[in-house]
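As structure tokens, the structure follows; a few thoughts come after it.
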Amino acid sequence: MTVDYETFDRSPSPTGLALTVVPAVVAALASAMFLPAAAVALLAVLVLTVGVRNASRRLLTLGAVVLFGAVLLAGATEAPTAFVLAGAGATVVAWDAGTNAVTVGRQLGAAADTRRLEVVHALATTGVAAVVGIVGFGAFRLASGGQPTVGVALLLLAALLFSYLLDS
Amino acid sequence: MTTNERVTDDEHRRPGIADSAHFRDPSDTADQRDGRGAVDADAPTVDAGDTVTVEEHRTERWYGIGMLALLGLGVGVLTDTAAPLLASGFGLAFAGYGTVTSPPPVDLDVERTVADPAPEPGDHVEVTVTVTNDAERTVPDLRLIDGVPDRLGVVAGTPRHGAVLGPGESTTFDYAVRAERGAFEFDGLTAVARDVSGATERVAVVGEHSSLRCVPRFPTDPPPFPLRAQTVQHTGRYPGDAGGAGVEFYATREYRRGDPLSRVDWKRTARTGDLTTVDFRVERTVRVALVFDTRRSAHLAPSPHEPSAVERAVAGGTTAYASLTRAGHDVGVGAVAPDECWLAPGRGDTHREEARHFLATHPALSPTPPADDTNVYRATQRLKRRLTAETQVVLFSPLHDDLLADTVARLDAHGYAVVVVSPDPTATDTTGHLVARGERRLRIADLRSRNIPVVDWHPDEDLGHALVRTRRRWSP
């Protein structure tokens, strides 16, 4: 007599996979202005996907760093600043969603209902990334508009935040 | 009752952690039990008395993100472009993200409902868990793992669940376990709460006691269970091998002074002139002890997916109890186990219920192998002190080693009539297994040569069939 017991499948959920791959593709598209960068980004998306599928944090981090590098490469050539900022933000979101999916998979397994948990987490990170991107882009526009005082003020603010972070 | 009293593990408490679980009046969950809860008076209950232990640690998942800032700065400075410089802001911002989010509150109320707290073995029992956030703030990332008893397997759904809970919100998940013989206690529910960035993690165990008690019923129509010939004093239903008062004719003999006149064979006296007494076959009540070999080494099965010899032995014992008590005998239960295990022989409704629960839930008869080795000599001595002289022993053992076979022979030599029921745990897949199978056969042959009946019970056979097969060459 054999009984069909449920086994614990600790792989990340499909939701986690989607939440990783979609921002990664967005980042790759943002870097597509420069062809070599686009090629590297495509490779990075592949590594990220494999990383989530295999629940490997190491591959995820590698993919995210390569993707970030591709975005910077595009930024160092002729890509518009807004694209670069969007790409960089999307990279962080992809890495965050990927590593989160790995820990959720390890703790709750693929069979558990984790959609809301993962979506809320990814949305929060996306929100933070959006704020950072908008502030950065605003600073860029203001500073490049020939107002060095704004640049100095932002530099001071950054220094303050930095010292706060080092302290905490 | 204050919260602090219920937090058992004070060391893990940190200042400012508002943790508590809620003590509920047992009556508010009693009505959630379904009607079948009344089957067993002592069966269980979804009940309150929660405790929480909280442990907080940092996940360090954002560590190293600052590297992106350095990367951006480097590329920006080297290529003299603004965009990478701005992108480095993400590295800095997310390095700070983890430190500015505050740890999530862990103030949960857990309610677990076991659909049928007294199922039959093999039943699928649905378990529903509802978790409510009693804190004032939202828990943005809550991972729940229910404390399913180790020996129960999950057959549907999963006892794990992820949720985002606002203040006062609750989430429900359910799964089904397959009931096994025995008494089970659910462990507390483990809750892992993270803040929105995932930087801080709090692990709490929210105690919610529920139990499940799976006590198999006795078979309604058990096969007749053979015993050995008996010569004892109490009148009963077992046809003994001795003459006396009874129903069935046994023998005639010469009249002895004191014989009741009703048993004098007057016709024969008239014919011969000598007084003759008729003896009838005396029917006896037999005291039987069902003794189980539950040593660690006896937990054997032909394959990991099949029930172990002990599990089969206890199932067989349940049948034997039903059959023997129906025949009017007093039946008790004992075990060759590390710990004391004894239920004195008896019968009747009370004893029947007692035996049913004893067989199902006594730790020595548990399907889990005991941690300690058994001193067979001491266990046998203990057993012998319990057995009165005329008690018959029905020993359930896989006969996988000589030790127990010797014990059987010794018990028999001491005058206890022993019947051995041996669930066959041997397999034929490897040479070693074949040798073990052969050795077991030799042990059985040896016991049979000493006139000890051995029922060799194959894995895919029911006990009734094995008994019939063995009885063809039974020599009581």
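Ligands are numbered from 1 in the order shown, residues from 1 within each chain, and chains are lettered A, B, ... in the order they appear in the structure tokens.
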Residue list for chain B near chain A as a ChimeraX atom specification, 7 Å, only C-alpha atoms:
/B:72,76,79,81,83-84,86-87,90,96,141,153-156,158,160-164,196,305-306
Could you list, as a PyMOL selection string, every residue within 9 Å of Val102 in chain A, counting only C-alpha atoms and ignoring same-chain residues fewer than 2 positions away?
chain A and resi 10-13+16+52-57+97-100+104-107
Mind writing the picked residues with N, CA and C atoms as a CSV table (one decimal), in the first residue's frame?
chain,number,residue,atom,x,y,z
A,10,ARG,N,11.1,23.0,-2.7
A,10,ARG,CA,11.5,24.2,-2.2
A,10,ARG,C,12.0,25.2,-3.3
A,11,SER,N,11.5,25.0,-4.5
A,11,SER,CA,11.9,25.9,-5.5
A,11,SER,C,11.1,27.2,-5.5
A,12,PRO,N,11.6,28.3,-6.0
A,12,PRO,CA,10.9,29.6,-6.0
A,12,PRO,C,9.6,29.5,-6.8
A,13,SER,N,8.6,30.3,-6.5
A,13,SER,CA,7.3,30.2,-7.1
A,13,SER,C,7.4,30.9,-8.5
A,16,GLY,N,7.6,34.6,-8.3
A,16,GLY,CA,8.9,35.1,-8.0
A,16,GLY,C,9.7,35.2,-9.3
A,52,VAL,N,17.1,32.2,-10.6
A,52,VAL,CA,15.9,32.0,-9.9
A,52,VAL,C,15.4,30.6,-10.0
A,53,ARG,N,15.5,30.0,-11.2
A,53,ARG,CA,15.0,28.6,-11.4
A,53,ARG,C,15.7,27.7,-10.5
A,54,ASN,N,17.0,27.9,-10.3
A,54,ASN,CA,17.9,27.0,-9.5
A,54,ASN,C,18.0,27.4,-8.1
A,55,ALA,N,17.3,28.5,-7.7
A,55,ALA,CA,17.3,29.0,-6.4
A,55,ALA,C,18.8,29.3,-6.0
A,56,SER,N,19.6,29.9,-6.9
A,56,SER,CA,21.0,30.2,-6.6
A,56,SER,C,21.2,31.7,-6.4
A,57,ARG,N,21.5,32.1,-5.2
A,57,ARG,CA,21.7,33.5,-4.9
A,57,ARG,C,22.9,34.0,-5.6
A,97,ALA,N,13.7,41.0,-6.1
A,97,ALA,CA,12.6,40.1,-6.2
A,97,ALA,C,13.2,38.6,-6.4
A,98,GLY,N,14.3,38.5,-7.1
A,98,GLY,CA,14.9,37.2,-7.2
A,98,GLY,C,15.4,36.6,-5.9
A,99,THR,N,16.1,37.3,-5.1
A,99,THR,CA,16.6,36.8,-3.9
A,99,THR,C,15.5,36.5,-2.9
A,100,ASN,N,14.5,37.4,-3.0
A,100,ASN,CA,13.3,37.2,-2.1
A,100,ASN,C,12.6,35.9,-2.5
A,104,VAL,N,11.8,32.8,0.0
A,104,VAL,CA,10.4,32.4,0.1
A,104,VAL,C,10.2,30.9,-0.3
A,105,GLY,N,10.9,30.6,-1.4
A,105,GLY,CA,10.8,29.2,-1.8
A,105,GLY,C,11.4,28.3,-0.8
A,106,ARG,N,12.5,28.7,-0.2
A,106,ARG,CA,13.2,27.9,0.8
A,106,ARG,C,12.3,27.7,2.0
A,107,GLN,N,11.7,28.8,2.4
A,107,GLN,CA,10.9,28.7,3.7
A,107,GLN,C,9.5,28.1,3.5
Could you pull out the alpha helix (DSSP H) residues of range 228-433 of chain B, going by DSSP on the backbone, and write them as a ChimeraX atom specification?
/B:266-272,309-326,349-361,376-386,402-413,431-433
Convert the current residue selection to file output with C-alpha atoms, as a PDB file, in the first residue's frame.
ATOM      1  CA  TRP B 266     -27.583 -44.920  35.887  1.00  0.00           C
ATOM      2  CA  LYS B 267     -28.233 -47.040  32.798  1.00  0.00           C
ATOM      3  CA  ARG B 268     -24.706 -48.354  32.875  1.00  0.00           C
ATOM      4  CA  THR B 269     -24.944 -48.894  36.645  1.00  0.00           C
ATOM      5  CA  ALA B 270     -28.132 -50.895  36.128  1.00  0.00           C
ATOM      6  CA  ARG B 271     -26.463 -52.990  33.427  1.00  0.00           C
ATOM      7  CA  THR B 272     -23.183 -53.706  35.209  1.00  0.00           C
ATOM      8  CA  ALA B 309       6.320  -5.552  11.402  1.00  0.00           C
ATOM      9  CA  VAL B 310       5.375  -3.686  14.583  1.00  0.00           C
ATOM     10  CA  GLU B 311       2.592  -1.806  12.833  1.00  0.00           C
ATOM     11  CA  ARG B 312       1.239  -5.056  11.412  1.00  0.00           C
ATOM     12  CA  ALA B 313       1.663  -6.822  14.740  1.00  0.00           C
ATOM     13  CA  VAL B 314      -0.421  -4.211  16.546  1.00  0.00           C
ATOM     14  CA  ALA B 315      -3.081  -4.392  13.837  1.00  0.00           C
ATOM     15  CA  GLY B 316      -3.057  -8.189  14.204  1.00  0.00           C
ATOM     16  CA  GLY B 317      -3.191  -7.814  17.985  1.00  0.00           C
ATOM     17  CA  THR B 318      -6.284  -5.654  17.658  1.00  0.00           C
ATOM     18  CA  THR B 319      -7.949  -8.421  15.656  1.00  0.00           C
ATOM     19  CA  ALA B 320      -6.777 -11.049  18.143  1.00  0.00           C
ATOM     20  CA  TYR B 321      -8.161  -9.042  21.059  1.00  0.00           C
ATOM     21  CA  ALA B 322     -11.542  -8.735  19.373  1.00  0.00           C
ATOM     22  CA  SER B 323     -11.606 -12.421  18.482  1.00  0.00           C
ATOM     23  CA  LEU B 324     -10.456 -13.740  21.864  1.00  0.00           C
ATOM     24  CA  THR B 325     -12.702 -11.536  23.984  1.00  0.00           C
ATOM     25  CA  ARG B 326     -15.636 -12.480  21.809  1.00  0.00           C
ATOM     26  CA  ASP B 349     -16.979  -3.086  27.505  1.00  0.00           C
ATOM     27  CA  THR B 350     -14.768  -1.014  29.796  1.00  0.00           C
ATOM     28  CA  HIS B 351     -11.747  -3.202  29.259  1.00  0.00           C
ATOM     29  CA  ARG B 352     -12.471  -3.233  25.551  1.00  0.00           C
ATOM     30  CA  GLU B 353     -12.315   0.556  25.303  1.00  0.00           C
ATOM     31  CA  GLU B 354      -9.268   0.630  27.537  1.00  0.00           C
ATOM     32  CA  ALA B 355      -7.538  -1.944  25.337  1.00  0.00           C
ATOM     33  CA  ARG B 356      -8.482  -0.094  22.165  1.00  0.00           C
ATOM     34  CA  HIS B 357      -6.833   3.097  23.394  1.00  0.00           C
ATOM     35  CA  PHE B 358      -3.921   1.207  24.912  1.00  0.00           C
ATOM     36  CA  LEU B 359      -3.143  -0.566  21.640  1.00  0.00           C
ATOM     37  CA  ALA B 360      -3.473   2.641  19.656  1.00  0.00           C
ATOM     38  CA  THR B 361      -1.643   5.122  21.797  1.00  0.00           C
ATOM     39  CA  VAL B 376      15.286  -8.613  26.468  1.00  0.00           C
ATOM     40  CA  TYR B 377      16.177 -10.574  29.597  1.00  0.00           C
ATOM     41  CA  ARG B 378      14.902  -7.827  31.892  1.00  0.00           C
ATOM     42  CA  ALA B 379      11.800  -7.262  29.765  1.00  0.00           C
ATOM     43  CA  THR B 380      11.042 -10.995  29.918  1.00  0.00           C
ATOM     44  CA  GLN B 381      11.530 -11.083  33.686  1.00  0.00           C
ATOM     45  CA  ARG B 382       9.191  -8.123  34.035  1.00  0.00           C
ATOM     46  CA  LEU B 383       6.665  -9.888  31.862  1.00  0.00           C
ATOM     47  CA  LYS B 384       6.931 -13.140  33.828  1.00  0.00           C
ATOM     48  CA  ARG B 385       6.166 -11.305  37.058  1.00  0.00           C
ATOM     49  CA  ARG B 386       2.973 -10.074  35.426  1.00  0.00           C
ATOM     50  CA  ASP B 402      17.706 -15.579  17.839  1.00  0.00           C
ATOM     51  CA  LEU B 403      17.258 -13.653  21.057  1.00  0.00           C
ATOM     52  CA  LEU B 404      13.500 -13.570  20.917  1.00  0.00           C
ATOM     53  CA  ALA B 405      13.189 -17.088  19.514  1.00  0.00           C
ATOM     54  CA  ASP B 406      15.165 -18.278  22.561  1.00  0.00           C
ATOM     55  CA  THR B 407      12.918 -16.280  24.851  1.00  0.00           C
ATOM     56  CA  VAL B 408       9.876 -17.961  23.336  1.00  0.00           C
ATOM     57  CA  ALA B 409      11.420 -21.376  23.880  1.00  0.00           C
ATOM     58  CA  ARG B 410      12.263 -20.446  27.469  1.00  0.00           C
ATOM     59  CA  LEU B 411       8.783 -19.125  28.236  1.00  0.00           C
ATOM     60  CA  ASP B 412       7.336 -22.314  26.802  1.00  0.00           C
ATOM     61  CA  ALA B 413       9.693 -24.406  28.913  1.00  0.00           C
ATOM     62  CA  THR B 431      21.559 -11.762  -1.088  1.00  0.00           C
ATOM     63  CA  GLY B 432      21.725 -10.425   2.490  1.00  0.00           C
ATOM     64  CA  HIS B 433      17.949 -10.210   2.608  1.00  0.00           C
TER      65      HIS B 433
END
Enter the distance from CA of Gly438 in chain B to CA of Pro453 in chain B, in Å, rounded to one decimal.
18.6 Å
Contacts of Arg61 in chain B at 10 Å or less, counting only C-alpha atoms, minus same-chain residues fewer than 4 places along, as an MDAnalysis selection string?
(chainID A and resid 96 99:100) or (chainID B and resid 65 95 98 197:200)
Report as a tab-separated table (two decimals) with N, CA and C atoms, in the first residue's frame all protein, DNA and RNA residues lying within 10 Å of Ser397 in chain B, evaluated on only C-alpha atoms, omitting residues in the same chain fewer than 3 positions from it.
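Full text of result-v3.tsv as output:
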chain	number	residue	atom	x	y	z
B	291	VAL	N	1.56	-10.21	23.61
B	291	VAL	CA	2.84	-9.55	23.88
B	291	VAL	C	3.48	-9.16	22.54
B	292	PHE	N	3.87	-7.89	22.45
B	292	PHE	CA	4.42	-7.39	21.19
B	292	PHE	C	5.92	-7.18	21.31
B	293	ASP	N	6.63	-7.63	20.30
B	293	ASP	CA	8.06	-7.36	20.23
B	293	ASP	C	8.21	-6.00	19.54
B	294	THR	N	8.48	-4.96	20.33
B	294	THR	CA	8.60	-3.63	19.73
B	294	THR	C	9.99	-3.06	19.96
B	295	ARG	N	10.97	-3.97	20.03
B	295	ARG	CA	12.34	-3.48	20.14
B	295	ARG	C	12.67	-2.66	18.89
B	298	ALA	N	12.96	-4.48	15.77
B	298	ALA	CA	11.78	-5.17	15.23
B	298	ALA	C	10.99	-4.30	14.26
B	299	HIS	N	11.37	-3.02	14.18
B	299	HIS	CA	10.66	-2.12	13.25
B	299	HIS	C	11.19	-2.36	11.84
B	309	ALA	N	6.80	-4.35	10.71
B	309	ALA	CA	6.32	-5.55	11.40
B	309	ALA	C	5.57	-5.17	12.67
B	310	VAL	N	6.03	-4.10	13.35
B	310	VAL	CA	5.38	-3.69	14.58
B	310	VAL	C	3.97	-3.16	14.28
B	312	ARG	N	2.10	-3.93	11.77
B	312	ARG	CA	1.24	-5.06	11.41
B	312	ARG	C	0.90	-5.89	12.64
B	313	ALA	N	1.90	-6.04	13.53
B	313	ALA	CA	1.66	-6.82	14.74
B	313	ALA	C	0.55	-6.20	15.58
B	336	VAL	N	7.63	-6.41	24.74
B	336	VAL	CA	9.06	-6.50	24.97
B	336	VAL	C	9.62	-5.19	24.44
B	394	VAL	N	0.41	-14.88	23.57
B	394	VAL	CA	0.43	-14.78	22.12
B	394	VAL	C	1.49	-13.74	21.80
B	400	HIS	N	13.23	-11.85	13.91
B	400	HIS	CA	14.37	-11.47	13.07
B	400	HIS	C	15.69	-11.78	13.75
B	401	ASP	N	15.66	-12.18	15.03
B	401	ASP	CA	16.92	-12.58	15.67
B	401	ASP	C	16.69	-13.77	16.61
B	404	LEU	N	14.90	-13.44	20.56
B	404	LEU	CA	13.50	-13.57	20.92
B	404	LEU	C	13.01	-15.00	20.73
B	405	ALA	N	13.56	-15.69	19.72
B	405	ALA	CA	13.19	-17.09	19.51
B	405	ALA	C	13.56	-17.90	20.76
B	420	VAL	N	3.09	-18.06	18.66
B	420	VAL	CA	3.82	-16.96	18.05
B	420	VAL	C	3.13	-16.55	16.76
B	421	VAL	N	2.86	-15.25	16.63
B	421	VAL	CA	2.37	-14.71	15.36
B	421	VAL	C	3.51	-13.86	14.81
B	422	SER	N	4.01	-14.23	13.66
B	422	SER	CA	5.20	-13.56	13.16
B	422	SER	C	4.95	-12.87	11.83
B	423	PRO	N	4.77	-11.55	11.85
B	423	PRO	CA	4.63	-10.83	10.58
B	423	PRO	C	5.96	-10.92	9.82
B	424	ASP	N	5.90	-11.39	8.61
B	424	ASP	CA	7.12	-11.62	7.84
B	424	ASP	C	7.64	-10.29	7.27
B	425	PRO	N	8.80	-9.82	7.75
B	425	PRO	CA	9.31	-8.55	7.24
B	425	PRO	C	10.39	-8.72	6.18
Residues of range 176-391 of chain B classed as strand (DSSP E) by DSSP on the backbone are to be reported as JSON, numbers by chain.
{"B": [176, 177, 178, 182, 183, 184, 185, 187, 188, 189, 190, 191, 192, 193, 194, 200, 201, 202, 203, 204, 205, 206, 211, 212, 213, 214, 235, 236, 237, 238, 239, 240, 241, 242, 243, 244, 245, 246, 247, 248, 249, 250, 251, 252, 253, 254, 276, 277, 278, 279, 280, 281, 282, 283, 284, 287, 288, 289, 290, 291, 292, 293, 330, 331, 332, 333, 334, 335, 336, 342, 343, 344, 345, 346]}
For range 274-279 of chain B, list every protein, DNA or RNA residue within 6 Å, evaluated using only C-alpha atoms, and leave out those in the same chain fewer than 3 positions away; present the list as an mmCIF file with C-alpha atoms, in the first residue's frame.
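Written output follows (out_13.cif):
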data_model
loop_
_atom_site.group_PDB
_atom_site.id
_atom_site.type_symbol
_atom_site.label_atom_id
_atom_site.label_comp_id
_atom_site.auth_asym_id
_atom_site.auth_seq_id
_atom_site.Cartn_x
_atom_site.Cartn_y
_atom_site.Cartn_z
ATOM 1 C CA GLY B 243 -13.228 -34.037 32.033
ATOM 2 C CA GLY B 244 -15.692 -32.580 34.513
ATOM 3 C CA TYR B 250 -15.687 -36.507 27.309
ATOM 4 C CA ALA B 251 -15.295 -39.927 28.995
ATOM 5 C CA THR B 252 -16.732 -42.322 31.540
ATOM 6 C CA ARG B 253 -14.901 -43.419 34.624
ATOM 7 C CA GLU B 254 -15.384 -45.308 37.844
ATOM 8 C CA TYR B 255 -17.531 -43.583 40.482
ATOM 9 C CA ARG B 263 -23.514 -37.289 36.603
ATOM 10 C CA VAL B 264 -23.826 -40.959 37.508
ATOM 11 C CA ASP B 265 -24.579 -43.049 34.429
ATOM 12 C CA THR B 269 -24.944 -48.894 36.645
#
Residue among B:Arg469, B:Arg151, B:Arg194, B:Arg440 lying closest to Pro369 in chain B, counting only C-alpha atoms:
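With only C-alpha atoms as the atom set, the closest residue is B:Arg151.
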Quick one: pull the distance between CA of Ala176 in chain B and CA of Val129 in chain B, Å, one decimal.
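Taking CA of Ala176 in chain B as the start and CA of Val129 in chain B as the end point, the length is 11.3 Å.
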